[in-house]
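Engineer: Here you go, one structure.
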Amino acid sequence: MREEGYVEGRNPVMEAIKGGREIDKILIAKGSEQGSIKKIIGMAKDKKIVIQYVDKAKLDAMSETKAHQGVIALVTPYSYKTVDDILKTAEDKKEDPFIIILDEIEDPHNLGAIIRTAECVGAHGVIIPKRRAVGITPIVIKASAGAVEHMNIAKVSNISSTVEELKEKGIWIYGADMAGEQNYFDKDLKGPIAIVIGSEGRGISRLVKEKCDFLVKIPMAGKLGSLNASVAASIIMYEVFRQRGSRE
């Protein structure tokens with residue numbers, strides 16, 4: 001799966017333009033210049049971005065998401081932020097840091113959905129590992145509905161070491177794990193916080209789990225023993241949002 005050089009779909013392309021992403025050109029399927037495509041054309045012209053009209057078959061052949069909706073933007077590779085950038089964003093907003101740490105998420109749809117929720121709840125950044133995990137690909141961008149353009153995403157060599165560094169900076173680390181001591185809603189999730197979400201199937205790795213200050217669980221009443229990673233992340237992120245005083 002290629003690290004993104006395309007942004008596919010109407011909403012992700014609009015968010016790329018709004019976010020000031022460097023766009024080489026936008027390819028639009030002939031005959032689809034209606035509705036939100038018309039809006040994209042107007043935004044592109046305002047920013048002096050080159051527009052090229054092509055046969056839909058060309059977009060079909062280029063598309064990784066298979067859901068390009070008649071538009072693909074050719075962009076510069078995604079520019080990852082640093083952990084310090086994430087902390088600086090919180091400082092600039094005069095807010096306690098709120099960080100999402102993903103331990104080897106491999107499904108691009110899960111990563112995109114988590115980034116989308118993180119942006120919605122006002123998290124300051126998402127941290128992902130460089131190895132054994134998905135990066136920012138066209139599918140991730142599409143699944144995030146363009147939220148990647150508004151979220152600090154840091155890629156680090158070692159999640160365990162990054163957790164240690166954050167703890168040294170006074171950030172409490174909460175791991176989402178079915179072996180957690182308390183239900184997530186019974187825990188005080190205010191203050192400087194990072195939530196660790198484990199990989200699909202395996203959960204949080206042993207080393208990372210041992211470095212968490214607390215493990216919290218989501219109670220289950222059905223026959224299945226776990227939730228999809230992006231759903232679990234969303235549930236806990238919104239509890240943090242609620243406890244911090246959800247802002248309209």
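By order of appearance in the structure tokens: chains A, B, ..., then residues from 1 within every chain, and ligands from 1 in the order shown.
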Show which residues sit within 9 Å of Glu8 in chain A, as a list in words. Count only C-alpha atoms, and ignore same-chain residues fewer than 4 positions away.
Structural biologist: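 Final neighbour list, sorted by chain and number: Pro12, Val13, Ser63, Glu64, Thr65, Lys66, Ala67, His68, Gln69, Gly70, Val71, Ile72, Ala73, Leu74, Pro138, Ile139, Ile141 and Lys142 of chain A.
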Engineer: Any chance you can output those residues with N, CA and C atoms as a PDB file, in the first residue's frame?
Structural biologist:
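again03.pdb was written with the following content:
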```pdb
ATOM      1  N   PRO A  12     -12.537  14.797   1.254  1.00  0.00           N
ATOM      2  CA  PRO A  12     -11.093  14.862   1.521  1.00  0.00           C
ATOM      3  C   PRO A  12     -10.357  15.880   0.651  1.00  0.00           C
ATOM      4  N   VAL A  13     -10.735  16.010  -0.629  1.00  0.00           N
ATOM      5  CA  VAL A  13     -10.072  16.985  -1.496  1.00  0.00           C
ATOM      6  C   VAL A  13     -10.385  18.409  -1.029  1.00  0.00           C
ATOM      7  N   SER A  63      -7.296   4.985  -8.667  1.00  0.00           N
ATOM      8  CA  SER A  63      -7.872   4.996  -7.324  1.00  0.00           C
ATOM      9  C   SER A  63      -7.478   3.786  -6.485  1.00  0.00           C
ATOM     10  N   GLU A  64      -7.062   4.061  -5.258  1.00  0.00           N
ATOM     11  CA  GLU A  64      -6.806   2.993  -4.297  1.00  0.00           C
ATOM     12  C   GLU A  64      -8.041   2.733  -3.449  1.00  0.00           C
ATOM     13  N   THR A  65      -8.835   3.770  -3.201  1.00  0.00           N
ATOM     14  CA  THR A  65     -10.028   3.615  -2.363  1.00  0.00           C
ATOM     15  C   THR A  65     -11.182   2.989  -3.126  1.00  0.00           C
ATOM     16  N   LYS A  66     -11.158   3.075  -4.451  1.00  0.00           N
ATOM     17  CA  LYS A  66     -12.271   2.641  -5.310  1.00  0.00           C
ATOM     18  C   LYS A  66     -13.544   3.422  -4.988  1.00  0.00           C
ATOM     19  N   ALA A  67     -13.372   4.623  -4.451  1.00  0.00           N
ATOM     20  CA  ALA A  67     -14.504   5.494  -4.129  1.00  0.00           C
ATOM     21  C   ALA A  67     -14.068   6.941  -4.312  1.00  0.00           C
ATOM     22  N   HIS A  68     -13.526   7.251  -5.492  1.00  0.00           N
ATOM     23  CA  HIS A  68     -12.955   8.586  -5.720  1.00  0.00           C
ATOM     24  C   HIS A  68     -13.999   9.673  -5.946  1.00  0.00           C
ATOM     25  N   GLN A  69     -15.246   9.294  -6.231  1.00  0.00           N
ATOM     26  CA  GLN A  69     -16.361  10.247  -6.410  1.00  0.00           C
ATOM     27  C   GLN A  69     -16.086  11.280  -7.504  1.00  0.00           C
ATOM     28  N   GLY A  70     -15.260  10.885  -8.474  1.00  0.00           N
ATOM     29  CA  GLY A  70     -15.030  11.770  -9.613  1.00  0.00           C
ATOM     30  C   GLY A  70     -13.931  12.785  -9.429  1.00  0.00           C
ATOM     31  N   VAL A  71     -13.130  12.666  -8.360  1.00  0.00           N
ATOM     32  CA  VAL A  71     -12.066  13.652  -8.138  1.00  0.00           C
ATOM     33  C   VAL A  71     -10.888  13.042  -7.381  1.00  0.00           C
ATOM     34  N   ILE A  72      -9.686  13.308  -7.882  1.00  0.00           N
ATOM     35  CA  ILE A  72      -8.445  12.911  -7.204  1.00  0.00           C
ATOM     36  C   ILE A  72      -7.478  14.088  -7.267  1.00  0.00           C
ATOM     37  N   ALA A  73      -6.907  14.435  -6.126  1.00  0.00           N
ATOM     38  CA  ALA A  73      -5.886  15.488  -6.083  1.00  0.00           C
ATOM     39  C   ALA A  73      -4.515  14.842  -5.980  1.00  0.00           C
ATOM     40  N   LEU A  74      -3.575  15.321  -6.791  1.00  0.00           N
ATOM     41  CA  LEU A  74      -2.185  14.872  -6.718  1.00  0.00           C
ATOM     42  C   LEU A  74      -1.449  15.824  -5.779  1.00  0.00           C
ATOM     43  N   PRO A 138      -4.061   6.925   0.904  1.00  0.00           N
ATOM     44  CA  PRO A 138      -5.321   7.453   0.367  1.00  0.00           C
ATOM     45  C   PRO A 138      -6.559   6.904   1.075  1.00  0.00           C
ATOM     46  N   ILE A 139      -6.522   5.623   1.454  1.00  0.00           N
ATOM     47  CA  ILE A 139      -7.675   5.025   2.135  1.00  0.00           C
ATOM     48  C   ILE A 139      -7.863   5.650   3.514  1.00  0.00           C
ATOM     49  N   ILE A 141      -6.949   8.680   4.428  1.00  0.00           N
ATOM     50  CA  ILE A 141      -7.443  10.050   4.224  1.00  0.00           C
ATOM     51  C   ILE A 141      -8.943  10.036   3.939  1.00  0.00           C
ATOM     52  N   LYS A 142      -9.369   9.118   3.077  1.00  0.00           N
ATOM     53  CA  LYS A 142     -10.801   9.026   2.728  1.00  0.00           C
ATOM     54  C   LYS A 142     -11.619   8.636   3.951  1.00  0.00           C
TER      55      LYS A 142
END
```
Engineer: Mind checking which residues fall within 8 Å of range 91-100 of chain A, counting only C-alpha atoms, ignoring those fewer than 5 positions away in the same chain, and posting them as a PyMOL selection string?
Structural biologist: chain A and resi 86+118+122-127+171+191-197
Engineer: Which of range 88-211 of chain A counts as strand (DSSP E or B) under DSSP, as a ChimeraX atom specification please?
Structural biologist: /A:98-103,125-129,153-156,172-176,182-183,193-199,203
Engineer: Find the residue from A:Glu165, A:Glu22, A:Asp60, A:Asp107 that sits nearest to Asp84 in chain A; use only C-alpha atoms when measuring.
Structural biologist: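 Looking at the shortest contact to Asp84 in chain A, the residue is A:Glu165.
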Engineer: Using only C-alpha atoms, which protein or nucleic acid residues come within 9 Å of range 40-42 of chain A? Drop anything in the same chain fewer than 6 positions from it, and give the result as a PDB file with C-alpha atoms, in the first residue's frame.
Structural biologist:
```
ATOM      1  CA  ARG A  10     -14.931  15.099  -2.643  1.00  0.00           C
ATOM      2  CA  VAL A  13     -10.072  16.985  -1.496  1.00  0.00           C
ATOM      3  CA  MET A  14     -12.000  19.998  -0.147  1.00  0.00           C
ATOM      4  CA  ILE A  17      -7.527  22.644  -0.192  1.00  0.00           C
ATOM      5  CA  ILE A  26      -6.706  18.107  -9.358  1.00  0.00           C
ATOM      6  CA  ILE A  28     -11.847  15.651 -12.324  1.00  0.00           C
ATOM      7  CA  GLU A  33     -18.841  19.056 -12.641  1.00  0.00           C
ATOM      8  CA  ILE A  51      -7.506  21.420 -12.864  1.00  0.00           C
TER       9      ILE A  51
END
```
Engineer: Excluding same-chain residues fewer than 5 positions from Arg244 in chain A, what lies within 9 Å of it counting only C-alpha atoms, as a list in words?
Structural biologist: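 Once the adjacent positions are removed, what remains is Leu189, Lys190, Gly191 and Glu239 of chain A.
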Engineer: Now that the selection is made, can you save its residues with N, CA and C atoms as a short mmCIF file (atom, residue, chain, number, x, y, z; two decimals), in the first residue's frame?
Structural biologist:
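The resulting file, again-v4.cif, is reproduced below:
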```
data_model
loop_
_atom_site.label_atom_id
_atom_site.label_comp_id
_atom_site.auth_asym_id
_atom_site.auth_seq_id
_atom_site.Cartn_x
_atom_site.Cartn_y
_atom_site.Cartn_z
N LEU A 189 -10.50 11.22 33.89
CA LEU A 189 -9.74 11.35 32.65
C LEU A 189 -9.45 12.81 32.31
N LYS A 190 -9.49 13.67 33.32
CA LYS A 190 -9.16 15.07 33.10
C LYS A 190 -7.66 15.27 33.27
N GLY A 191 -7.17 16.46 32.92
CA GLY A 191 -5.75 16.76 33.04
C GLY A 191 -4.98 16.28 31.82
N GLU A 239 -15.52 10.09 26.21
CA GLU A 239 -15.59 10.22 27.67
C GLU A 239 -14.59 11.27 28.15
#
```
Engineer: When DSSP works through the backbone of this structure, what residues of range 109-221 of chain A end up as helix (DSSP H, G or I), shown as number ranges by chain?
Structural biologist: A: 109-120, 138-143, 147-150, 159-168, 184-186, 206-211
Engineer: Which residue, A:Ile101, A:Ile115, A:Ala233, A:Leu227, has the smallest gap to Val163 in chain A when you use only C-alpha atoms?
Structural biologist: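 Nearest to Val163 in chain A: A:Ile101.
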Engineer: So that I can check the surroundings of range 130-137 of chain A, please list as a PyMOL selection string every protein, DNA and RNA residue that reaches within 12 Å of it, counting only C-alpha atoms and ignoring chain neighbours fewer than 6 positions away.
Structural biologist: chain A and resi 1-8+63-65+75+77-80+102-112+115+143-144+146-149+151-159+198-200
Engineer: Generate the output file for the selected residues, C-alpha atoms, as a PDB file, in the first residue's frame.
Structural biologist:
```pdb
ATOM      1  CA  MET A   1       0.000   0.000   0.000  1.00  0.00           C
ATOM      2  CA  ARG A   2       1.598   3.254  -1.093  1.00  0.00           C
ATOM      3  CA  GLU A   3       2.174   6.122   1.284  1.00  0.00           C
ATOM      4  CA  GLU A   4      -0.179   8.756  -0.031  1.00  0.00           C
ATOM      5  CA  GLY A   5       0.487  10.958  -3.027  1.00  0.00           C
ATOM      6  CA  TYR A   6      -3.202  11.114  -3.894  1.00  0.00           C
ATOM      7  CA  VAL A   7      -6.196  12.481  -2.024  1.00  0.00           C
ATOM      8  CA  GLU A   8      -9.403  10.852  -3.233  1.00  0.00           C
ATOM      9  CA  SER A  63      -7.872   4.996  -7.324  1.00  0.00           C
ATOM     10  CA  GLU A  64      -6.806   2.993  -4.297  1.00  0.00           C
ATOM     11  CA  THR A  65     -10.028   3.615  -2.363  1.00  0.00           C
ATOM     12  CA  VAL A  75      -0.381  16.114  -3.623  1.00  0.00           C
ATOM     13  CA  PRO A  77       3.662  13.311   0.448  1.00  0.00           C
ATOM     14  CA  TYR A  78       2.053  13.708   3.869  1.00  0.00           C
ATOM     15  CA  SER A  79       4.249  15.695   6.249  1.00  0.00           C
ATOM     16  CA  TYR A  80       4.244  14.046   9.653  1.00  0.00           C
ATOM     17  CA  LEU A 102      -1.961   3.820  18.483  1.00  0.00           C
ATOM     18  CA  ASP A 103       0.003   0.628  19.067  1.00  0.00           C
ATOM     19  CA  GLU A 104       0.292  -1.098  15.655  1.00  0.00           C
ATOM     20  CA  ILE A 105      -3.094  -0.331  14.063  1.00  0.00           C
ATOM     21  CA  GLU A 106      -2.969  -2.098  10.687  1.00  0.00           C
ATOM     22  CA  ASP A 107      -6.394  -1.413   9.158  1.00  0.00           C
ATOM     23  CA  PRO A 108      -6.452   1.900   7.240  1.00  0.00           C
ATOM     24  CA  HIS A 109     -10.212   2.283   7.810  1.00  0.00           C
ATOM     25  CA  ASN A 110      -9.669   2.027  11.567  1.00  0.00           C
ATOM     26  CA  LEU A 111      -6.850   4.572  11.482  1.00  0.00           C
ATOM     27  CA  GLY A 112      -8.922   6.990   9.398  1.00  0.00           C
ATOM     28  CA  ILE A 115      -8.227  10.343  13.326  1.00  0.00           C
ATOM     29  CA  ALA A 143     -11.859   7.175   5.902  1.00  0.00           C
ATOM     30  CA  SER A 144     -10.969  10.244   7.981  1.00  0.00           C
ATOM     31  CA  GLY A 146     -10.241  14.771   5.394  1.00  0.00           C
ATOM     32  CA  ALA A 147      -9.568  15.095   9.143  1.00  0.00           C
ATOM     33  CA  VAL A 148      -5.878  14.277   8.550  1.00  0.00           C
ATOM     34  CA  GLU A 149      -5.530  17.812   7.164  1.00  0.00           C
ATOM     35  CA  MET A 151      -4.742  16.815  12.953  1.00  0.00           C
ATOM     36  CA  ASN A 152      -1.133  16.531  14.149  1.00  0.00           C
ATOM     37  CA  ILE A 153       0.000  12.999  13.310  1.00  0.00           C
ATOM     38  CA  ALA A 154       3.432  11.935  14.561  1.00  0.00           C
ATOM     39  CA  LYS A 155       5.222   8.779  13.431  1.00  0.00           C
ATOM     40  CA  VAL A 156       7.731   7.480  15.989  1.00  0.00           C
ATOM     41  CA  SER A 157      10.354   4.721  15.999  1.00  0.00           C
ATOM     42  CA  ASN A 158       9.360   3.271  19.348  1.00  0.00           C
ATOM     43  CA  ILE A 159       5.956   3.613  21.036  1.00  0.00           C
ATOM     44  CA  GLY A 198      -3.904  -1.516  20.823  1.00  0.00           C
ATOM     45  CA  SER A 199      -3.838  -3.312  17.501  1.00  0.00           C
ATOM     46  CA  GLU A 200      -6.748  -5.219  16.035  1.00  0.00           C
TER      47      GLU A 200
END
```
Engineer: At what distance in Å, to one decimal, does CA of Ile235 in chain A lie from CA of Glu164 in chain A?
Structural biologist: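 Those two atoms sit 24.9 Å apart.
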Engineer: Considering only C-alpha atoms, can you say which of A:Val216, A:Ile37, A:Ala113, A:Ala16 comes closest to Ser230 in chain A?
Structural biologist: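 Looking at the shortest contact to Ser230 in chain A, the residue is A:Ala113.
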Engineer: What lies within 10 Å of Gly180 in chain A using only C-alpha atoms, ignoring chain neighbours under 3 positions off, as an mmCIF file with N, CA and C atoms, in the first residue's frame?
Structural biologist:
```cif
data_model
loop_
_atom_site.group_PDB
_atom_site.id
_atom_site.type_symbol
_atom_site.label_atom_id
_atom_site.label_comp_id
_atom_site.auth_asym_id
_atom_site.auth_seq_id
_atom_site.Cartn_x
_atom_site.Cartn_y
_atom_site.Cartn_z
ATOM 1 N N TYR A 174 -3.138 6.220 29.816
ATOM 2 C CA TYR A 174 -4.236 5.281 30.061
ATOM 3 C C TYR A 174 -4.328 4.307 28.884
ATOM 4 N N GLY A 175 -4.183 3.026 29.184
ATOM 5 C CA GLY A 175 -4.307 2.016 28.143
ATOM 6 C C GLY A 175 -5.701 1.410 28.142
ATOM 7 N N ALA A 176 -6.267 1.230 26.945
ATOM 8 C CA ALA A 176 -7.570 0.581 26.813
ATOM 9 C C ALA A 176 -7.342 -0.922 26.718
ATOM 10 N N ASP A 177 -7.787 -1.659 27.729
ATOM 11 C CA ASP A 177 -7.502 -3.092 27.773
ATOM 12 C C ASP A 177 -8.603 -3.812 28.549
ATOM 13 N N ASN A 183 -13.711 0.420 34.887
ATOM 14 C CA ASN A 183 -14.401 0.845 33.678
ATOM 15 C C ASN A 183 -13.934 2.253 33.325
ATOM 16 N N TYR A 184 -13.845 2.528 32.044
ATOM 17 C CA TYR A 184 -13.306 3.812 31.588
ATOM 18 C C TYR A 184 -14.082 4.999 32.148
ATOM 19 N N PHE A 214 -2.395 3.516 33.989
ATOM 20 C CA PHE A 214 -3.647 2.834 34.318
ATOM 21 C C PHE A 214 -4.125 2.067 33.092
ATOM 22 N N LEU A 215 -4.833 0.969 33.337
ATOM 23 C CA LEU A 215 -5.539 0.263 32.276
ATOM 24 C C LEU A 215 -7.031 0.397 32.552
ATOM 25 N N VAL A 216 -7.780 0.806 31.544
ATOM 26 C CA VAL A 216 -9.230 0.963 31.702
ATOM 27 C C VAL A 216 -9.929 0.053 30.692
ATOM 28 N N LYS A 217 -11.107 -0.416 31.071
ATOM 29 C CA LYS A 217 -11.845 -1.339 30.201
ATOM 30 C C LYS A 217 -13.204 -0.774 29.839
ATOM 31 N N ILE A 218 -13.715 -1.271 28.729
ATOM 32 C CA ILE A 218 -15.080 -0.966 28.301
ATOM 33 C C ILE A 218 -15.923 -2.186 28.647
ATOM 34 N N PRO A 219 -16.917 -2.048 29.523
ATOM 35 C CA PRO A 219 -17.706 -3.217 29.917
ATOM 36 C C PRO A 219 -18.482 -3.792 28.734
#
```
Engineer: I'd like the interatomic distance between CA of Asp213 in chain A and CA of Met237 in chain A, to a tenth of an Å.
Structural biologist: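 For CA of Asp213 in chain A relative to CA of Met237 in chain A, the distance reads 17.1 Å.
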Engineer: For Ile204 in chain A, which residue out of A:Thr117, A:Thr89, A:Asp55, A:Met178 is the nearest one, using only C-alpha atoms?
Structural biologist: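 Comparing A:Thr117, A:Thr89, A:Asp55, A:Met178 against Ile204 in chain A, the winner is A:Met178.
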